[in-house]
file protein.cif (mmCIF, C-alpha atoms (C1' of nucleotides))
data_protein
loop_
_atom_site.label_atom_id
_atom_site.label_comp_id
_atom_site.auth_asym_id
_atom_site.auth_seq_id
_atom_site.Cartn_x
_atom_site.Cartn_y
_atom_site.Cartn_z
CA MET T 189 219.99 170.24 -55.41
CA ALA T 190 217.41 168.74 -53.14
CA ARG T 191 213.76 168.15 -52.65
CA PRO T 192 212.05 171.43 -51.76
CA VAL T 193 209.95 171.94 -48.63
CA GLU T 194 206.28 171.43 -49.14
CA ILE T 195 204.77 172.83 -46.01
CA ASP T 196 203.97 176.46 -45.31
CA ARG T 197 205.65 176.97 -41.97
CA ASP T 198 203.69 180.09 -41.25
CA ASP T 199 200.40 178.47 -41.97
CA ALA T 200 201.29 175.46 -39.82
CA LEU T 201 202.11 177.76 -36.93
CA ARG T 202 198.77 179.49 -37.28
CA LYS T 203 196.94 176.18 -37.24
CA ALA T 204 198.91 175.03 -34.23
CA LEU T 205 198.15 178.25 -32.38
CA GLU T 206 194.48 177.74 -33.10
CA LEU T 207 194.59 174.25 -31.58
CA PHE T 208 196.66 175.10 -28.52
CA TRP T 209 194.49 178.09 -27.84
CA ARG T 210 191.29 176.10 -27.96
CA LYS T 211 192.37 172.91 -26.22
CA GLY T 212 195.39 173.81 -24.14
CA TYR T 213 198.90 172.41 -24.32
CA ARG T 214 198.53 168.97 -22.87
CA ALA T 215 195.18 168.20 -24.42
CA THR T 216 196.56 168.93 -27.87
CA SER T 217 198.16 165.71 -29.02
CA LEU T 218 200.79 165.31 -31.66
CA ASN T 219 198.20 163.61 -33.83
CA ASP T 220 195.93 166.62 -33.52
CA LEU T 221 198.75 168.81 -34.69
CA LEU T 222 199.72 166.56 -37.59
CA HIS T 223 196.14 166.28 -38.70
CA ALA T 224 195.46 169.99 -38.47
CA THR T 225 198.60 171.02 -40.28
CA GLY T 226 198.52 168.15 -42.74
CA MET T 227 202.15 167.36 -42.07
CA GLY T 228 203.69 163.94 -41.67
CA LYS T 229 205.75 163.06 -38.66
CA GLY T 230 209.02 163.42 -40.48
CA SER T 231 208.31 166.94 -41.64
CA PHE T 232 206.96 167.92 -38.26
CA TYR T 233 210.05 166.97 -36.35
CA ALA T 234 212.30 168.35 -39.07
CA ALA T 235 210.48 171.67 -38.91
CA PHE T 236 209.88 172.10 -35.19
CA GLY T 237 211.95 169.61 -33.23
CA SER T 238 209.37 168.75 -30.62
CA LYS T 239 205.92 169.56 -29.38
CA GLN T 240 207.38 171.75 -26.68
CA ALA T 241 209.59 173.67 -29.10
CA LEU T 242 206.60 174.26 -31.34
CA PHE T 243 204.63 175.56 -28.40
CA GLU T 244 207.38 177.99 -27.54
CA CYS T 245 207.24 179.25 -31.10
CA VAL T 246 203.50 179.60 -30.86
CA LEU T 247 203.70 181.52 -27.59
CA GLU T 248 206.16 183.93 -29.12
CA ARG T 249 203.94 184.46 -32.13
CA TYR T 250 200.91 185.02 -29.97
CA HIS T 251 202.71 187.55 -27.87
CA ALA T 252 204.11 189.37 -30.87
CA ALA T 253 200.71 189.51 -32.54
CA SER T 254 199.09 190.76 -29.37
CA ALA T 255 201.75 193.41 -28.88
CA SER T 256 201.50 194.66 -32.42
CA ALA T 257 197.70 194.68 -32.43
CA THR T 258 197.57 196.87 -29.36
CA GLY T 259 200.84 198.69 -29.91
CA HIS T 260 200.14 201.56 -32.26
CA HIS T 261 197.56 203.50 -30.34
CA THR T 262 196.16 206.23 -32.52
CA ARG T 263 193.93 207.51 -29.76
CA LYS T 264 194.98 209.09 -26.50
CA GLY T 265 194.33 208.79 -22.80
CA LEU T 266 191.46 206.78 -21.44
CA THR T 267 189.96 206.27 -24.85
CA ALA T 268 193.21 204.58 -25.77
CA LEU T 269 193.05 202.40 -22.69
CA ARG T 270 189.50 201.47 -23.46
CA ASN T 271 190.48 200.70 -27.00
CA PHE T 272 193.38 198.64 -25.73
CA LEU T 273 191.15 196.53 -23.52
CA ASP T 274 188.68 196.17 -26.35
CA VAL T 275 191.27 195.01 -28.83
CA THR T 276 192.82 192.62 -26.36
CA MET T 277 189.47 191.13 -25.55
CA ILE T 278 187.86 190.96 -28.93
CA LYS T 279 189.88 191.62 -32.03
CA LEU T 280 192.54 189.11 -31.09
CA ALA T 281 190.16 186.21 -30.69
CA PRO T 282 189.23 185.03 -34.15
CA ALA T 283 185.55 184.28 -34.50
CA GLN T 284 184.87 181.71 -31.80
CA ARG T 285 184.16 182.62 -28.26
CA ARG T 286 185.39 180.87 -25.15
CA ARG T 287 189.05 181.07 -25.94
CA GLY T 288 190.21 183.53 -23.36
CA CYS T 289 193.89 184.28 -23.76
CA LEU T 290 196.52 181.73 -24.66
CA LEU T 291 198.95 183.19 -22.13
CA VAL T 292 196.53 183.17 -19.22
CA ASN T 293 195.33 179.69 -20.12
CA SER T 294 198.90 178.44 -20.31
CA VAL T 295 200.03 180.04 -17.07
CA LEU T 296 197.24 178.33 -15.20
CA GLU T 297 197.58 175.00 -16.93
CA LEU T 298 201.34 174.65 -16.85
CA GLU T 299 202.33 175.94 -13.43
CA GLY T 300 204.10 173.17 -11.57
CA VAL T 301 203.80 170.79 -14.50
CA GLU T 302 205.84 172.34 -17.31
CA PRO T 303 208.04 174.84 -15.52
CA GLN T 304 209.89 176.03 -18.60
CA LEU T 305 206.79 176.77 -20.63
CA HIS T 306 205.10 178.26 -17.61
CA LYS T 307 207.96 180.67 -17.17
CA ILE T 308 207.82 181.80 -20.77
CA ALA T 309 204.08 182.38 -20.71
CA ASN T 310 204.42 184.16 -17.38
CA ARG T 311 207.02 186.53 -18.74
CA TYR T 312 204.98 187.41 -21.82
CA LEU T 313 201.92 187.95 -19.68
CA GLN T 314 203.68 190.36 -17.39
CA ASP T 315 204.35 192.63 -20.31
CA LEU T 316 200.74 193.64 -20.21
CA GLU T 317 201.19 195.56 -17.02
CA SER T 318 203.81 197.82 -18.51
CA ARG T 319 201.67 198.40 -21.55
CA CYS T 320 198.77 199.40 -19.31
CA LEU T 321 201.08 201.75 -17.52
CA ARG T 322 201.81 203.72 -20.67
CA TYR T 323 198.15 204.34 -21.33
CA LEU T 324 197.50 205.35 -17.75
CA CYS T 325 200.38 207.80 -17.65
CA ASP T 326 199.05 209.34 -20.84
CA ALA T 327 195.61 209.60 -19.35
CA GLN T 328 196.83 211.19 -16.20
CA ALA T 329 198.95 213.69 -18.08
CA SER T 330 195.93 214.76 -20.08
CA GLY T 331 193.88 215.12 -16.92
CA GLU T 332 191.39 212.37 -17.69
CA LEU T 333 192.50 210.32 -14.73
CA LYS T 334 191.86 211.11 -11.10
CA GLN T 335 195.00 212.88 -10.00
CA ALA T 336 195.20 211.09 -6.67
CA LEU T 337 195.75 207.71 -8.29
CA ASP T 338 199.20 206.24 -8.66
CA PRO T 339 199.64 205.05 -12.24
CA ASP T 340 201.81 202.11 -11.19
CA ASP T 341 199.25 200.76 -8.77
CA LEU T 342 196.54 201.35 -11.28
CA ALA T 343 198.42 199.55 -14.02
CA ALA T 344 198.72 196.54 -11.75
CA LEU T 345 195.01 196.61 -11.01
CA THR T 346 194.18 197.02 -14.68
CA ALA T 347 196.34 194.06 -15.64
CA THR T 348 194.61 191.98 -13.01
CA LEU T 349 191.24 193.04 -14.30
CA LEU T 350 192.29 192.08 -17.80
CA GLN T 351 193.21 188.62 -16.60
CA GLY T 352 189.83 188.36 -14.95
CA LEU T 353 188.16 189.31 -18.21
CA ARG T 354 189.97 186.52 -19.95
CA VAL T 355 188.67 184.06 -17.42
CA ASP T 356 185.22 185.47 -18.07
CA SER T 357 185.72 184.89 -21.75
CA ARG T 358 186.68 181.28 -21.14
CA MET T 359 183.58 180.93 -18.98
CA GLY T 360 181.51 181.84 -22.00
CA ARG T 361 180.38 185.29 -20.95
CA SER T 362 179.24 187.51 -23.81
CA GLN T 363 181.20 190.38 -25.28
CA ASN T 364 178.59 192.73 -23.93
CA GLN T 365 179.05 191.53 -20.40
CA LEU T 366 182.78 191.99 -20.72
CA ARG T 367 182.40 195.44 -22.19
CA GLN T 368 180.10 196.46 -19.37
CA ARG T 369 182.78 195.56 -16.85
CA VAL T 370 185.37 197.53 -18.76
CA ASP T 371 183.10 200.57 -18.92
CA LEU T 372 182.37 200.48 -15.23
CA PHE T 373 186.04 200.15 -14.40
CA ILE T 374 187.00 203.08 -16.56
CA SER T 375 184.27 205.22 -15.07
CA LEU T 376 185.70 204.41 -11.63
CA ILE T 377 189.15 205.69 -12.45
CA ALA T 378 188.17 208.59 -14.67
CA GLN T 379 188.30 212.15 -13.44
CA PRO T 380 184.66 213.23 -13.20
CA THR T 381 184.04 216.18 -15.49
CA MET S 9 179.62 140.14 8.11
CA ALA S 10 182.26 141.42 5.77
CA ARG S 11 185.68 142.89 5.58
CA PRO S 12 185.61 146.49 6.79
CA VAL S 13 186.83 149.46 4.75
CA GLU S 14 190.38 150.48 5.44
CA ILE S 15 190.63 153.83 3.78
CA ASP S 16 189.59 157.16 5.21
CA ARG S 17 187.43 158.50 2.43
CA ASP S 18 187.59 162.02 3.74
CA ASP S 19 191.32 162.01 3.96
CA ALA S 20 191.64 160.57 0.47
CA LEU S 21 189.45 163.33 -0.89
CA ARG S 22 191.61 165.93 0.78
CA LYS S 23 194.75 164.43 -0.72
CA ALA S 24 193.13 164.27 -4.14
CA LEU S 25 192.05 167.89 -3.89
CA GLU S 26 195.58 168.83 -3.04
CA LEU S 27 196.89 167.10 -6.15
CA PHE S 28 194.27 168.36 -8.57
CA TRP S 29 194.69 171.85 -7.27
CA ARG S 30 198.42 171.84 -7.77
CA LYS S 31 198.71 169.98 -11.06
CA GLY S 32 195.34 170.30 -12.74
CA TYR S 33 192.95 167.60 -13.84
CA ARG S 34 194.69 166.07 -16.82
CA ALA S 35 198.19 166.26 -15.42
CA THR S 36 197.12 164.31 -12.34
CA SER S 37 197.36 160.67 -13.30
CA LEU S 38 195.62 157.77 -11.68
CA ASN S 39 198.98 156.64 -10.38
CA ASP S 40 199.53 160.00 -8.74
CA LEU S 41 196.21 159.64 -6.99
CA LEU S 42 196.82 156.08 -5.87
CA HIS S 43 200.24 156.94 -4.59
CA ALA S 44 199.08 160.04 -2.74
CA THR S 45 196.11 158.38 -1.11
CA GLY S 46 197.84 155.06 -0.53
CA MET S 47 194.93 153.18 -2.02
CA GLY S 48 195.07 150.24 -4.39
CA LYS S 49 193.25 150.27 -7.68
CA GLY S 50 190.47 148.05 -6.40
CA SER S 51 189.63 150.29 -3.49
CA PHE S 52 189.91 153.36 -5.61
CA TYR S 53 187.37 152.28 -8.17
CA ALA S 54 185.14 150.81 -5.49
CA ALA S 55 185.18 154.11 -3.62
CA PHE S 56 185.00 156.65 -6.41
CA GLY S 57 184.05 154.93 -9.65
CA SER S 58 186.35 156.84 -11.94
CA LYS S 59 188.84 159.66 -12.08
CA GLN S 60 186.17 161.96 -13.42
CA ALA S 61 183.69 161.06 -10.68
CA LEU S 62 186.35 161.68 -8.06
CA PHE S 63 187.08 165.06 -9.57
CA GLU S 64 183.41 165.97 -9.41
CA CYS S 65 183.45 165.09 -5.72
CA VAL S 66 186.52 167.20 -5.22
CA LEU S 67 185.00 170.18 -7.00
CA GLU S 68 181.94 169.96 -4.80
CA ARG S 69 184.07 169.81 -1.67
CA TYR S 70 186.15 172.73 -2.76
CA HIS S 71 183.09 174.81 -3.46
CA ALA S 72 181.46 173.89 -0.18
CA ALA S 73 184.59 174.69 1.78
CA SER S 74 184.99 177.99 -0.01
CA ALA S 75 181.35 178.91 0.59
CA SER S 76 181.49 178.07 4.26
CA ALA S 77 184.82 179.83 4.82
CA THR S 78 183.48 183.05 3.38
CA GLY S 79 179.86 182.57 4.35
CA HIS S 80 179.47 183.74 7.91
CA HIS S 81 180.53 187.34 7.69
CA THR S 82 180.82 188.79 11.14
CA ARG S 83 181.78 192.17 9.81
CA LYS S 84 179.66 194.49 7.76
CA GLY S 85 179.82 196.52 4.60
CA LEU S 86 183.07 197.14 2.78
CA THR S 87 185.09 195.67 5.60
CA ALA S 88 183.18 192.48 5.03
CA LEU S 89 183.90 192.61 1.31
CA ARG S 90 187.55 193.22 1.98
CA ASN S 91 187.56 190.35 4.40
CA PHE S 92 185.79 188.18 1.87
CA LEU S 93 188.41 188.88 -0.79
CA ASP S 94 191.14 188.27 1.75
CA VAL S 95 189.77 184.95 2.86
CA THR S 96 189.18 183.81 -0.68
CA MET S 97 192.70 184.73 -1.66
CA ILE S 98 194.63 183.57 1.33
CA LYS S 99 192.99 181.48 3.97
CA LEU S 100 191.72 178.93 1.48
CA ALA S 101 195.11 178.19 -0.03
CA PRO S 102 196.95 175.96 2.40
CA ALA S 103 200.58 176.90 2.81
CA GLN S 104 201.97 176.84 -0.70
CA ARG S 105 201.68 179.69 -3.09
CA ARG S 106 200.95 179.49 -6.80
CA ARG S 107 197.80 177.51 -6.52
CA GLY S 108 195.26 180.07 -7.58
CA CYS S 109 191.75 178.69 -7.39
CA LEU S 110 190.76 175.18 -8.34
CA LEU S 111 187.61 176.41 -10.04
CA VAL S 112 189.32 179.05 -12.15
CA ASN S 113 192.10 176.65 -13.04
CA SER S 114 189.59 174.01 -14.06
CA VAL S 115 187.40 176.32 -16.08
CA LEU S 116 190.38 177.38 -18.15
CA GLU S 117 191.86 173.94 -18.50
CA LEU S 118 188.73 171.98 -19.29
CA GLU S 119 186.78 174.24 -21.62
CA GLY S 120 186.25 172.42 -24.89
CA VAL S 121 188.03 169.32 -23.64
CA GLU S 122 185.93 168.00 -20.76
CA PRO S 123 182.58 169.70 -21.24
CA GLN S 124 180.85 168.09 -18.31
CA LEU S 125 183.51 169.00 -15.77
CA HIS S 126 183.87 172.43 -17.28
CA LYS S 127 180.19 173.04 -16.81
CA ILE S 128 180.30 172.04 -13.16
CA ALA S 129 183.29 174.22 -12.37
CA ASN S 130 181.69 177.06 -14.29
CA ARG S 131 178.50 176.84 -12.26
CA TYR S 132 180.31 176.82 -8.93
CA LEU S 133 182.45 179.74 -10.01
CA GLN S 134 179.45 181.83 -10.93
CA ASP S 135 178.23 181.62 -7.37
CA LEU S 136 180.89 184.08 -6.40
CA GLU S 137 179.17 186.89 -8.18
CA SER S 138 176.03 186.51 -6.12
CA ARG S 139 178.07 186.35 -2.94
CA CYS S 140 179.82 189.57 -3.90
CA LEU S 141 176.44 191.11 -4.51
CA ARG S 142 175.32 190.54 -0.93
CA TYR S 143 178.35 192.34 0.46
CA LEU S 144 177.94 195.22 -1.93
CA CYS S 145 174.27 195.69 -1.14
CA ASP S 146 175.16 195.74 2.54
CA ALA S 147 177.85 198.30 1.92
CA GLN S 148 175.58 200.52 -0.09
CA ALA S 149 172.84 200.34 2.51
CA SER S 150 175.26 201.44 5.17
CA GLY S 151 176.44 204.34 3.03
CA GLU S 152 180.00 203.11 2.58
CA LEU S 153 179.58 202.67 -1.16
CA LYS S 154 179.26 205.42 -3.69
CA GLN S 155 175.52 205.83 -4.15
CA ALA S 156 175.73 206.19 -7.91
CA LEU S 157 177.03 202.68 -8.39
CA ASP S 158 174.75 199.83 -9.34
CA PRO S 159 175.43 196.87 -7.03
CA ASP S 160 174.74 194.33 -9.75
CA ASP S 161 177.25 195.82 -12.13
CA LEU S 162 179.71 196.20 -9.33
CA ALA S 163 179.31 192.60 -8.24
CA ALA S 164 180.12 191.50 -11.76
CA LEU S 165 183.22 193.66 -11.82
CA THR S 166 184.29 192.42 -8.40
CA ALA S 167 183.89 188.80 -9.44
CA THR S 168 186.01 189.48 -12.50
CA LEU S 169 188.64 191.14 -10.39
CA LEU S 170 188.66 188.14 -8.09
CA GLN S 171 189.31 185.86 -11.03
CA GLY S 172 192.13 188.10 -12.08
CA LEU S 173 193.63 187.86 -8.60
CA ARG S 174 193.58 184.11 -8.86
CA VAL S 175 195.51 184.27 -12.08
CA ASP S 176 197.96 186.55 -10.31
CA SER S 177 198.31 183.99 -7.59
CA ARG S 178 199.08 181.28 -10.13
CA MET S 179 201.64 183.59 -11.68
CA GLY S 180 203.45 183.63 -8.36
CA ARG S 181 202.68 187.18 -7.29
CA SER S 182 203.06 187.80 -3.59
CA GLN S 183 200.23 188.17 -1.12
CA ASN S 184 201.23 191.77 -0.66
CA GLN S 185 200.87 192.56 -4.31
CA LEU S 186 197.45 190.98 -4.33
CA ARG S 187 196.38 192.85 -1.23
CA GLN S 188 197.51 196.11 -2.75
CA ARG S 189 195.24 195.55 -5.73
CA VAL S 190 192.32 194.76 -3.45
CA ASP S 191 192.91 197.91 -1.40
CA LEU S 192 193.08 200.10 -4.45
CA PHE S 193 189.91 198.59 -5.84
CA ILE S 194 188.01 199.11 -2.63
CA SER S 195 189.17 202.69 -2.38
CA LEU S 196 187.81 203.25 -5.88
CA ILE S 197 184.31 202.13 -5.03
CA ALA S 198 184.13 203.51 -1.50
CA GLN S 199 182.19 206.65 -0.69
CA PRO S 200 184.83 209.24 0.21
CA THR S 201 184.33 210.39 3.76
"C1'" DG R 4 218.76 160.70 -67.55
"C1'" DC R 5 221.79 160.46 -63.80
"C1'" DT R 6 223.14 161.62 -59.11
"C1'" DA R 7 223.57 163.95 -54.81
"C1'" DT R 8 220.68 165.78 -51.47
"C1'" DT R 9 216.96 166.61 -48.75
"C1'" DA R 10 211.91 166.26 -47.48
"C1'" DT R 11 208.44 163.10 -46.44
"C1'" DG R 12 205.24 159.65 -44.45
"C1'" DG R 13 204.57 155.51 -42.24
"C1'" DA R 14 206.16 151.69 -39.47
"C1'" DC R 15 207.83 151.19 -35.14
"C1'" DT R 16 208.87 151.85 -30.01
"C1'" DA R 17 208.74 152.38 -25.11
"C1'" DA R 18 206.15 154.53 -21.73
"C1'" DT R 19 201.98 155.90 -19.80
"C1'" DT R 20 197.10 156.43 -19.80
"C1'" DG R 21 192.40 155.11 -17.45
"C1'" DG R 22 190.03 151.11 -16.53
"C1'" DT R 23 188.64 145.85 -15.75
"C1'" DA R 24 188.79 141.15 -13.88
"C1'" DC R 25 189.62 138.32 -10.45
"C1'" DA R 26 191.93 135.63 -6.95
"C1'" DT R 27 192.59 136.39 -2.28
"C1'" DA R 28 192.65 138.68 2.24
"C1'" DA R 29 190.04 140.10 6.16
"C1'" DC R 30 186.58 140.44 8.64
"C1'" DA R 31 181.28 139.60 11.24
"C1'" DC R 32 178.18 136.34 12.51
"C1'" DT R 33 176.84 131.90 13.74
"C1'" DA J 227 186.12 126.89 13.35
"C1'" DG J 228 183.34 127.63 9.45
"C1'" DT J 229 180.92 130.54 6.13
"C1'" DG J 230 179.16 134.28 3.63
"C1'" DT J 231 180.42 138.85 2.26
"C1'" DT J 232 183.01 142.54 1.05
"C1'" DA J 233 187.53 145.05 0.49
"C1'" DT J 234 191.91 144.93 -1.59
"C1'" DG J 235 195.89 144.50 -4.56
"C1'" DT J 236 197.73 142.79 -8.78
"C1'" DA J 237 197.92 141.17 -13.28
"C1'" DC J 238 196.17 142.54 -17.26
"C1'" DC J 239 194.16 145.35 -21.23
"C1'" DA J 240 193.48 148.43 -25.21
"C1'" DA J 241 194.34 153.00 -26.40
"C1'" DT J 242 197.15 156.83 -26.64
"C1'" DT J 243 201.31 159.37 -25.84
"C1'" DA J 244 205.68 161.78 -27.74
"C1'" DG J 245 209.32 160.59 -30.34
"C1'" DT J 246 212.79 157.69 -33.63
"C1'" DC J 247 214.12 155.47 -37.84
"C1'" DC J 248 214.42 154.67 -42.41
"C1'" DA J 249 213.10 153.49 -47.06
"C1'" DT J 250 211.45 156.27 -50.57
"C1'" DA J 251 209.84 160.33 -53.15
"C1'" DA J 252 211.05 164.56 -55.22
"C1'" DT J 253 213.83 167.72 -56.70
"C1'" DA J 254 218.26 170.72 -58.70
"C1'" DG J 255 222.42 170.65 -60.98
"C1'" DC J 256 224.85 168.32 -64.24
#
call {"tool": "encode", "arguments": {"input": "protein.cif", "output": "structure tokens"}}
result
Amino acid sequence: MARPVEIDRDDALRKALELFWRKGYRATSLNDLLHATGMGKGSFYAAFGSKQALFECVLERYHAASASATGHHTRKGLTALRNFLDVTMIKLAPAQRRRGCLLVNSVLELEGVEPQLHKIANRYLQDLESRCLRYLCDAQASGELKQALDPDDLAALTATLLQGLRVDSRMGRSQNQLRQRVDLFISLIAQPT
Amino acid sequence: MARPVEIDRDDALRKALELFWRKGYRATSLNDLLHATGMGKGSFYAAFGSKQALFECVLERYHAASASATGHHTRKGLTALRNFLDVTMIKLAPAQRRRGCLLVNSVLELEGVEPQLHKIANRYLQDLESRCLRYLCDAQASGELKQALDPDDLAALTATLLQGLRVDSRMGRSQNQLRQRVDLFISLIAQPT
DNA sequence: GCTATTATGGACTAATTGGTACATAACACT
DNA sequence: AGTGTTATGTACCAATTAGTCCATAATAGC
């Protein structure tokens, strides 16, 4: 009984994610978004309500994608952890370099300026630590990890390292440089055979 | 022969640093700066030329202050490294929490949006790695560091960890949590006695 | 084809942005 | 006191911002 929707909401969200990821929240203007998605203003506000609401959607999507990409770990122990770091660093970032991580970028950009968005990004980001913990517990159970190490402390350190790697990525460091850091870190915590 | 300057350039720079550090480059408006420094527009543009030029000044100051605060290491070896990380994390951030590091913040915020500023912040930030290297070489020479470790690789990892800590700081994690990560890291690279 | 209904795009707005121009205020030197 | 020189604040500007409004386009059911 009415005019049907023209836009592909999913596609628009992907395009928006792309923009926010590359340029940040504030530097991405409404015009940028309209142009990238091909929507008019009317449709945009009908579909998303506001720039902020759209960003919240995008954050959720990003987090969900990241969780699912690293979630089903077929491997075990430290290999799984290594794989996890690898996926988080590389597979998630489509093609272009210098993107880092949308959550880390947002936490730094929005603290003190957009408290609500900052809080959301912060919460999603903290998830990482608990995901690290799972891998580390696995690794310790299978004897790959030095027994003296506390998995909780180590998960915290690993999460911090991961954040550092994302800064590195945004600085333009190569995949190889990042991988080298990961390898060294893993060798530091591994039980020598 | 002419009207003398009223403003205290040094003080204005300090106030500007404060603002940029807390809110980021783009979120700090010219009005914010004028209000914080108490200058009028005329004086501002006479003194600094533009918002961007002022920010470049501020970055330089920040880097210089950070280098000098961590530069003269009275201690030696791993204690010096630990002290270095401590100073970088804590002493430099006046009072308030959740500031992280101006350079890290800027690198993430400005990549792809303000190439020139990004480049400057990037360069300053990379200095850290070489400073880490000095401490690590010291530590290895004095036998505190595991002999098998390559100081260059380790300096890279340490710099990455430091960046991660700065993200943690911006996330609002407590000093104690940060210190715990530092301690664990150092224990991982130290030669067991 | 008509109509009820909804999606759409563009005109519009008020606020804010960084920056300029310039009249004037405040001095140092004679 | 007068004058040359520089610092200062304010009025102004064009561009951009996120967001609103509404006439119109496009459809589904009849």
call {"tool": "residues_around", "arguments": {"input": "protein.cif", "residues": "J:DA240", "least_positions_apart": "6", "cutoff": "12 Å", "atoms": "all atoms listed in the file", "output": "ChimeraX atom specification"}}
result
/R:20-23
call {"tool": "atom_distance", "arguments": {"input": "protein.cif", "atom1": "atom CA of T:Gln351", "atom2": "atom CA of T:Val292"}}
result
6.9 Å
call {"tool": "interface_residues", "arguments": {"input": "protein.cif", "of": "chain J", "to": "chain T", "cutoff": "8 Å", "atoms": "only C-alpha atoms (C1' of nucleotides)", "output": "list in words"}}
result
DT243, DA244, DA252, DT253, DA254 and DG255 of chain J
call {"tool": "write_last_selection", "arguments": {"input": "protein.cif", "atoms": "C-alpha atoms (C1' of nucleotides)", "output": "compact mmCIF listing (two decimals), keeping the file's coordinate frame"}}
result
# COMPACT_ATOMS: atom_id res chain seq x y z
C1' DT J 243 201.31 159.37 -25.84
C1' DA J 244 205.68 161.78 -27.74
C1' DA J 252 211.05 164.56 -55.22
C1' DT J 253 213.83 167.72 -56.70
C1' DA J 254 218.26 170.72 -58.70
C1' DG J 255 222.42 170.65 -60.98
call {"tool": "closest_residue", "arguments": {"input": "protein.cif", "among": "S:Arg69, S:Arg17, S:His43, S:Arg30", "to": "chain T", "atoms": "all atoms listed in the file"}}
result
S:Arg30
call {"tool": "residues_around", "arguments": {"input": "protein.cif", "residues": "R:DC25", "least_positions_apart": "4", "cutoff": "12 Å", "atoms": "only C-alpha atoms (C1' of nucleotides)", "output": "PyMOL selection string"}}
result
(chain S and resi 50) or (chain J and resi 234-238)
call {"tool": "atom_distance", "arguments": {"input": "protein.cif", "atom1": "atom CA of S:Gly32", "atom2": "atom CA of S:Asn130"}}
result
15.3 Å
call {"tool": "residues_near_point", "arguments": {"input": "protein.cif", "point": "(213.5, 161.1, -51.6)", "cutoff": "8 Å", "atoms": "only C-alpha atoms (C1' of nucleotides)", "output": "VMD selection string"}}
result
(chain T and resid 191) or (chain R and resid 9 to 11) or (chain J and resid 250 to 252)
call {"tool": "resolve_selection", "arguments": {"input": "protein.cif", "expression": "the PyMOL selection byres ((chain S and resi 35) around 12)", "output": "number ranges by chain"}}
result
T: 212-215, 297-302; S: 27-34, 36-41, 59, 114, 117-118; R: 19-20
call {"tool": "atom_distance", "arguments": {"input": "protein.cif", "atom1": "atom CA of T:Leu376", "atom2": "atom CA of T:Lys334"}}
result
9.1 Å
call {"tool": "residues_around", "arguments": {"input": "protein.cif", "residues": "T:Leu345", "least_positions_apart": "6", "cutoff": "10 Å", "atoms": "all atoms listed in the file", "output": "JSON list (two decimals) with C-alpha atoms, keeping the file's coordinate frame"}}
result
[["chain", "number", "residue", "atom", "x", "y", "z"],
["T", 317, "GLU", "CA", 201.19, 195.56, -17.02],
["T", 320, "CYS", "CA", 198.77, 199.40, -19.31],
["T", 339, "PRO", "CA", 199.64, 205.05, -12.24],
["T", 351, "GLN", "CA", 193.21, 188.62, -16.60],
["S", 169, "LEU", "CA", 188.64, 191.14, -10.39],
["S", 172, "GLY", "CA", 192.13, 188.10, -12.08],
["S", 173, "LEU", "CA", 193.63, 187.86, -8.60],
["S", 185, "GLN", "CA", 200.87, 192.56, -4.31],
["S", 186, "LEU", "CA", 197.45, 190.98, -4.33],
["S", 188, "GLN", "CA", 197.51, 196.11, -2.75],
["S", 189, "ARG", "CA", 195.24, 195.55, -5.73],
["S", 190, "VAL", "CA", 192.32, 194.76, -3.45],
["S", 191, "ASP", "CA", 192.91, 197.91, -1.40],
["S", 192, "LEU", "CA", 193.08, 200.10, -4.45],
["S", 193, "PHE", "CA", 189.91, 198.59, -5.84]]
call {"tool": "closest_atom_pairs", "arguments": {"input": "protein.cif", "of": "chain R", "to": "chain S", "cutoff": "7 Å", "atoms": "all atoms listed in the file", "output": "CSV"}}
result
residue,atom,partner,partner_atom,distance
R:DA29,C1',S:Arg11,CA,5.2
R:DC30,C1',S:Arg11,CA,4.0
R:DA31,C1',S:Met9,CA,3.6
R:DC32,C1',S:Met9,CA,6.0
